[in-house]
Amino acid sequence: LSGIYNAHNFRRGHFEAPPYDKGSVRSVYHVREAEVAKLMQLQEPLDVFLSHDWPRGVANCGHCDRQGLLKRKPFFRKEVNEDSLGSPAGAHLLQELKPKRWFSAHLHVKFEAKVFHCAPCRPDTLAARGPGRPAPGASSTDFLALDKCLPGRQFLQILDLPPGEGAGPGAPALEYDPEWLAVLRSYHHLMSASRGPVQLPPEALGRQGPKPEDVEWVRENFGQLEVPANFVVTAPPHGAGDAGRGRAPGLAPNPQTTELLRRLGLPYNLG
C-alpha cells in the first residue's frame with residue numbers, strides 16, 4: 001500500500017499529473033480508497049504486507065513497547081494518546097487480510113508489535129484490541145517498522161522467511177500472483193482521474209474477491225508468471241545534462257505497466 005493516508009484526498013481519484021503545483025506534488029502520494037478496495041479483495045493467505053504508512057492504532061495495540069516509542073519520539077505523544085497516528089485504511093486491511101508480517105516505514109523509528117486477531121475492535125484502528133491475554137491459538141500479525149538510513153540508526157533487520165508453496169529448487173525469482181492479476185482485471189474500472197469524490201460501486205466495498213471469469217481468464221491466457229527483467233529508465237534522471245532544465249517533465253508512461261496491461265487485456269487508463 002503505497003503512500004500515506006489523508007482524509008481529504010482518500011475518496012478522490014488520481015487527478016494529479018505533471019506539471020505539479022504545490023498541492024498536487026503532495027497529494028499525488030496520498031492513498032486512495034480505490035486502491036484499498038482492490039487489496040481488500042485478496043482471499044488467499046498472505047505472508048508479508050508492505051505499507052509506507054503505519055496502520056492506525058498499532059502503537060496502542062497492547063502488545064508493543066508504547067512507552068519506549070514515546071521516549072524516542074516524544075512529539076508522537078498527542079497523536080498516540082488521541083489514537084490518530086497512522087492510517088485507518090491500513091488498520092482495516094490488517095484486520096481483514098491478517099498477514100503473518102506487516103512492514104512499514106514513514107515515521108523514522110524502529111518499532112515492533114504483535115497484533116492478535118481475536119478481539120473485536122473498530123475497523124479503522126487496532127487500538128481497541130487492548131492489552132488482554134489473547135485466546136489460545138489466536139492468529140497474529142508481527143508488525144515491524146525501521147528507522148531512517150543514517151549512521152547509528154536501526155534501519156536494517158534480517159529475517160529468514162520460508163519459501164512459499166510450490167517454490168522450485170532453482171534461484172528465487174519474482175512472479176506475478178494469479179489472484180492479484182485476477183483482481184486487477186475485475187476492478188480495473190475503479191481507476192478514476194476525477195478531482196472530486198469517487199463513488200465506488202457496491203461490489204467494490206466488500207470482500208467478494210475477483211470474479212470467477214477473471215480467475216479463469218488469467219489461468220488460461222496470462223502465460224508465464226515470472227516477472228520479466230524489463231526495467232528501463234522512463235524519464236531523464238535529475239541533473240542528467242541540460243535538457244529540459246527549468247521545465248517540469250511531462251507524463252512518462254511506464255513501459256512495464258503498459259506491457260502488464262497488454263498481457264491482461266486491459267486498456268491503459270492511468271492518465
# chains A, B, ... in the order shown; residues from 1 in each chain; ligands from 1

$ select_by_dssp --residues "segment 14-109 of chain A" --states "strand (DSSP E or B)" --output "ChimeraX atom specification"
/A:30,48-50,55,64,87,101-104

$ write_last_selection --atoms "C-alpha atoms" --output "compact mmCIF listing (two decimals), in the first residue's frame"
# COMPACT_ATOMS: atom_id res chain seq x y z
CA HIS A 30 -1.90 10.11 -0.76
CA VAL A 48 4.04 -10.29 4.06
CA PHE A 49 2.27 -6.98 3.56
CA LEU A 50 4.18 -3.75 2.86
CA PRO A 55 -1.70 1.10 10.38
CA CYS A 64 4.24 -3.43 21.98
CA SER A 87 -3.67 5.05 8.58
CA ARG A 101 4.04 -10.00 8.87
CA TRP A 102 3.44 -6.32 8.15
CA PHE A 103 6.35 -4.00 7.36
CA SER A 104 6.07 -0.19 7.36

$ residues_around --residues "segment 146-159 of chain A" --least-positions-apart "4" --cutoff "7 Å" --atoms "only C-alpha atoms" --output "short mmCIF file (atom, residue, chain, number, x, y, z; two decimals) with N, CA, C and O atoms, in the first residue's frame"
data_model
loop_
_atom_site.label_atom_id
_atom_site.label_comp_id
_atom_site.auth_asym_id
_atom_site.auth_seq_id
_atom_site.Cartn_x
_atom_site.Cartn_y
_atom_site.Cartn_z
N ALA A 105 7.15 1.95 7.10
CA ALA A 105 8.26 2.91 7.14
C ALA A 105 7.71 4.23 7.67
O ALA A 105 7.01 4.26 8.67
N HIS A 108 10.29 6.96 10.73
CA HIS A 108 11.71 7.07 11.03
C HIS A 108 12.04 6.64 12.46
O HIS A 108 12.75 7.34 13.19
N VAL A 109 11.53 5.48 12.84
CA VAL A 109 11.85 4.91 14.16
C VAL A 109 11.59 3.40 14.08
O VAL A 109 10.63 2.97 13.44
N LYS A 110 12.45 2.63 14.74
CA LYS A 110 12.20 1.19 14.80
C LYS A 110 11.13 0.92 15.83
O LYS A 110 11.16 1.43 16.95
N PHE A 111 10.16 0.08 15.44
CA PHE A 111 9.05 -0.23 16.34
C PHE A 111 8.49 -1.59 15.97
O PHE A 111 8.29 -1.90 14.80
#

$ closest_atom_pairs --of "segment 99-191 of chain A" --to "segment 260-268 of chain A" --cutoff "12 Å" --atoms "only C-alpha atoms" --output "JSON lines"
{"residue": "A:Tyr176", "atom": "CA", "partner": "A:Leu260", "partner_atom": "CA", "distance": 10.0}
{"residue": "A:Pro178", "atom": "CA", "partner": "A:Leu264", "partner_atom": "CA", "distance": 11.0}
{"residue": "A:Trp180", "atom": "CA", "partner": "A:Leu264", "partner_atom": "CA", "distance": 11.3}
{"residue": "A:Leu181", "atom": "CA", "partner": "A:Leu264", "partner_atom": "CA", "distance": 7.6}
{"residue": "A:Ala182", "atom": "CA", "partner": "A:Leu264", "partner_atom": "CA", "distance": 8.7}
{"residue": "A:Val183", "atom": "CA", "partner": "A:Leu264", "partner_atom": "CA", "distance": 10.8}
{"residue": "A:Leu184", "atom": "CA", "partner": "A:Leu264", "partner_atom": "CA", "distance": 8.4}
{"residue": "A:Arg185", "atom": "CA", "partner": "A:Leu264", "partner_atom": "CA", "distance": 6.9}
{"residue": "A:Ser186", "atom": "CA", "partner": "A:Leu266", "partner_atom": "CA", "distance": 10.2}
{"residue": "A:Tyr187", "atom": "CA", "partner": "A:Leu266", "partner_atom": "CA", "distance": 10.7}
{"residue": "A:His188", "atom": "CA", "partner": "A:Leu266", "partner_atom": "CA", "distance": 7.7}
{"residue": "A:His189", "atom": "CA", "partner": "A:Leu266", "partner_atom": "CA", "distance": 9.7}
{"residue": "A:Met191", "atom": "CA", "partner": "A:Tyr268", "partner_atom": "CA", "distance": 10.2}

$ write_last_selection --atoms "C-alpha atoms" --output "PDB file, in the first residue's frame"
ATOM      1  CA  TYR A 176       3.111 -12.268 -10.556  1.00  0.00           C
ATOM      2  CA  PRO A 178      -2.503 -15.094 -10.181  1.00  0.00           C
ATOM      3  CA  TRP A 180      -3.865 -10.341  -7.783  1.00  0.00           C
ATOM      4  CA  LEU A 181      -3.846 -10.422 -11.593  1.00  0.00           C
ATOM      5  CA  ALA A 182      -7.486 -11.510 -11.496  1.00  0.00           C
ATOM      6  CA  VAL A 183      -8.273  -8.683  -9.048  1.00  0.00           C
ATOM      7  CA  LEU A 184      -6.666  -6.192 -11.439  1.00  0.00           C
ATOM      8  CA  ARG A 185      -8.923  -7.435 -14.251  1.00  0.00           C
ATOM      9  CA  SER A 186     -12.072  -7.411 -12.112  1.00  0.00           C
ATOM     10  CA  TYR A 187     -11.550  -3.943 -10.643  1.00  0.00           C
ATOM     11  CA  HIS A 188      -9.643  -2.087 -13.363  1.00  0.00           C
ATOM     12  CA  HIS A 189     -12.681   0.144 -13.860  1.00  0.00           C
ATOM     13  CA  MET A 191      -9.369   3.815 -11.673  1.00  0.00           C
TER      14      MET A 191
END

$ atom_distance --atom1 "atom CA of Asn254 of chain A" --atom2 "atom CA of Pro19 of chain A"
17.0 Å

$ residues_around --residues "Cys118 of chain A" --least-positions-apart "2" --cutoff "10 Å" --atoms "only C-alpha atoms" --output "VMD selection string"
chain A and resid 95 115 to 116 120 to 121 129 133 to 140

$ write_last_selection --atoms "all heavy atoms" --output "mmCIF file, in the first residue's frame"
data_model
loop_
_atom_site.group_PDB
_atom_site.id
_atom_site.type_symbol
_atom_site.label_atom_id
_atom_site.label_comp_id
_atom_site.auth_asym_id
_atom_site.auth_seq_id
_atom_site.Cartn_x
_atom_site.Cartn_y
_atom_site.Cartn_z
ATOM 1 N N GLN A 95 -6.639 -5.999 9.657
ATOM 2 C CA GLN A 95 -7.630 -6.835 10.331
ATOM 3 C C GLN A 95 -8.310 -7.811 9.386
ATOM 4 O O GLN A 95 -8.658 -8.931 9.781
ATOM 5 C CB GLN A 95 -8.681 -5.939 10.993
ATOM 6 C CG GLN A 95 -8.139 -5.099 12.129
ATOM 7 C CD GLN A 95 -9.201 -4.170 12.695
ATOM 8 O OE1 GLN A 95 -10.139 -4.605 13.335
ATOM 9 N NE2 GLN A 95 -9.041 -2.880 12.435
ATOM 10 N N VAL A 115 0.012 -8.025 16.738
ATOM 11 C CA VAL A 115 -1.422 -7.759 16.694
ATOM 12 C C VAL A 115 -2.159 -9.094 16.645
ATOM 13 O O VAL A 115 -2.007 -9.852 15.689
ATOM 14 C CB VAL A 115 -1.795 -6.903 15.470
ATOM 15 C CG1 VAL A 115 -3.290 -6.624 15.442
ATOM 16 C CG2 VAL A 115 -1.005 -5.592 15.469
ATOM 17 N N PHE A 116 -2.937 -9.390 17.674
ATOM 18 C CA PHE A 116 -3.688 -10.643 17.732
ATOM 19 C C PHE A 116 -5.066 -10.467 17.103
ATOM 20 O O PHE A 116 -5.745 -9.469 17.330
ATOM 21 C CB PHE A 116 -3.824 -11.122 19.183
ATOM 22 C CG PHE A 116 -2.548 -11.652 19.754
ATOM 23 C CD1 PHE A 116 -1.716 -10.834 20.503
ATOM 24 C CD2 PHE A 116 -2.168 -12.967 19.533
ATOM 25 C CE1 PHE A 116 -0.524 -11.313 21.034
ATOM 26 C CE2 PHE A 116 -0.978 -13.454 20.056
ATOM 27 C CZ PHE A 116 -0.156 -12.638 20.802
ATOM 28 N N PRO A 120 -12.652 -8.228 19.183
ATOM 29 C CA PRO A 120 -13.346 -7.292 18.287
ATOM 30 C C PRO A 120 -12.861 -5.867 18.491
ATOM 31 O O PRO A 120 -12.513 -5.468 19.597
ATOM 32 C CB PRO A 120 -14.815 -7.435 18.708
ATOM 33 C CG PRO A 120 -14.753 -7.885 20.130
ATOM 34 C CD PRO A 120 -13.527 -8.759 20.235
ATOM 35 N N CYS A 121 -12.792 -5.129 17.421
ATOM 36 C CA CYS A 121 -12.405 -3.724 17.514
ATOM 37 C C CYS A 121 -12.959 -2.991 16.312
ATOM 38 O O CYS A 121 -13.477 -3.595 15.376
ATOM 39 C CB CYS A 121 -10.885 -3.582 17.595
ATOM 40 S SG CYS A 121 -10.022 -4.068 16.107
ATOM 41 N N ARG A 129 -7.988 -3.468 20.620
ATOM 42 C CA ARG A 129 -7.654 -4.843 20.982
ATOM 43 C C ARG A 129 -7.150 -4.933 22.412
ATOM 44 O O ARG A 129 -7.300 -5.947 23.067
ATOM 45 C CB ARG A 129 -6.594 -5.397 20.018
ATOM 46 C CG ARG A 129 -7.122 -5.467 18.606
ATOM 47 C CD ARG A 129 -6.106 -6.029 17.629
ATOM 48 N NE ARG A 129 -6.704 -6.063 16.303
ATOM 49 C CZ ARG A 129 -7.428 -7.071 15.842
ATOM 50 N NH1 ARG A 129 -7.653 -8.103 16.606
ATOM 51 N NH2 ARG A 129 -7.943 -7.027 14.634
ATOM 52 N N ARG A 133 -5.014 -10.845 27.560
ATOM 53 C CA ARG A 133 -4.376 -12.084 27.116
ATOM 54 C C ARG A 133 -5.111 -12.633 25.902
ATOM 55 O O ARG A 133 -6.333 -12.806 25.929
ATOM 56 C CB ARG A 133 -4.406 -13.101 28.254
ATOM 57 C CG ARG A 133 -3.638 -14.394 27.942
ATOM 58 C CD ARG A 133 -3.826 -15.381 29.074
ATOM 59 N NE ARG A 133 -3.336 -14.824 30.336
ATOM 60 C CZ ARG A 133 -2.063 -14.900 30.720
ATOM 61 N NH1 ARG A 133 -1.162 -15.489 29.944
ATOM 62 N NH2 ARG A 133 -1.687 -14.391 31.884
ATOM 63 N N PRO A 134 -4.392 -12.928 24.806
ATOM 64 C CA PRO A 134 -5.065 -13.460 23.617
ATOM 65 C C PRO A 134 -5.572 -14.874 23.855
ATOM 66 O O PRO A 134 -5.058 -15.608 24.701
ATOM 67 C CB PRO A 134 -3.965 -13.432 22.550
ATOM 68 C CG PRO A 134 -2.692 -13.504 23.319
ATOM 69 C CD PRO A 134 -2.944 -12.751 24.593
ATOM 70 N N ALA A 135 -6.589 -15.260 23.107
ATOM 71 C CA ALA A 135 -7.133 -16.607 23.212
ATOM 72 C C ALA A 135 -6.099 -17.619 22.732
ATOM 73 O O ALA A 135 -5.301 -17.329 21.835
ATOM 74 C CB ALA A 135 -8.409 -16.706 22.384
ATOM 75 N N PRO A 136 -6.082 -18.814 23.318
ATOM 76 C CA PRO A 136 -5.135 -19.843 22.870
ATOM 77 C C PRO A 136 -5.302 -20.137 21.386
ATOM 78 O O PRO A 136 -6.420 -20.310 20.890
ATOM 79 C CB PRO A 136 -5.523 -21.055 23.726
ATOM 80 C CG PRO A 136 -6.191 -20.478 24.928
ATOM 81 C CD PRO A 136 -6.914 -19.257 24.448
ATOM 82 N N GLY A 137 -4.183 -20.171 20.680
ATOM 83 C CA GLY A 137 -4.211 -20.470 19.251
ATOM 84 C C GLY A 137 -4.615 -19.324 18.360
ATOM 85 O O GLY A 137 -4.783 -19.511 17.144
ATOM 86 N N ALA A 138 -4.785 -18.131 18.927
ATOM 87 C CA ALA A 138 -5.196 -16.980 18.110
ATOM 88 C C ALA A 138 -4.116 -16.634 17.097
ATOM 89 O O ALA A 138 -2.925 -16.639 17.410
ATOM 90 C CB ALA A 138 -5.487 -15.780 19.002
ATOM 91 N N SER A 139 -4.520 -16.335 15.880
ATOM 92 C CA SER A 139 -3.556 -15.910 14.866
ATOM 93 C C SER A 139 -3.108 -14.484 15.155
ATOM 94 O O SER A 139 -3.767 -13.735 15.887
ATOM 95 C CB SER A 139 -4.172 -15.997 13.472
ATOM 96 O OG SER A 139 -5.245 -15.074 13.354
ATOM 97 N N SER A 140 -1.991 -14.105 14.594
ATOM 98 C CA SER A 140 -1.447 -12.771 14.857
ATOM 99 C C SER A 140 -0.652 -12.283 13.666
ATOM 100 O O SER A 140 -0.263 -13.051 12.782
ATOM 101 C CB SER A 140 -0.556 -12.788 16.107
ATOM 102 O OG SER A 140 0.566 -13.640 15.901
#
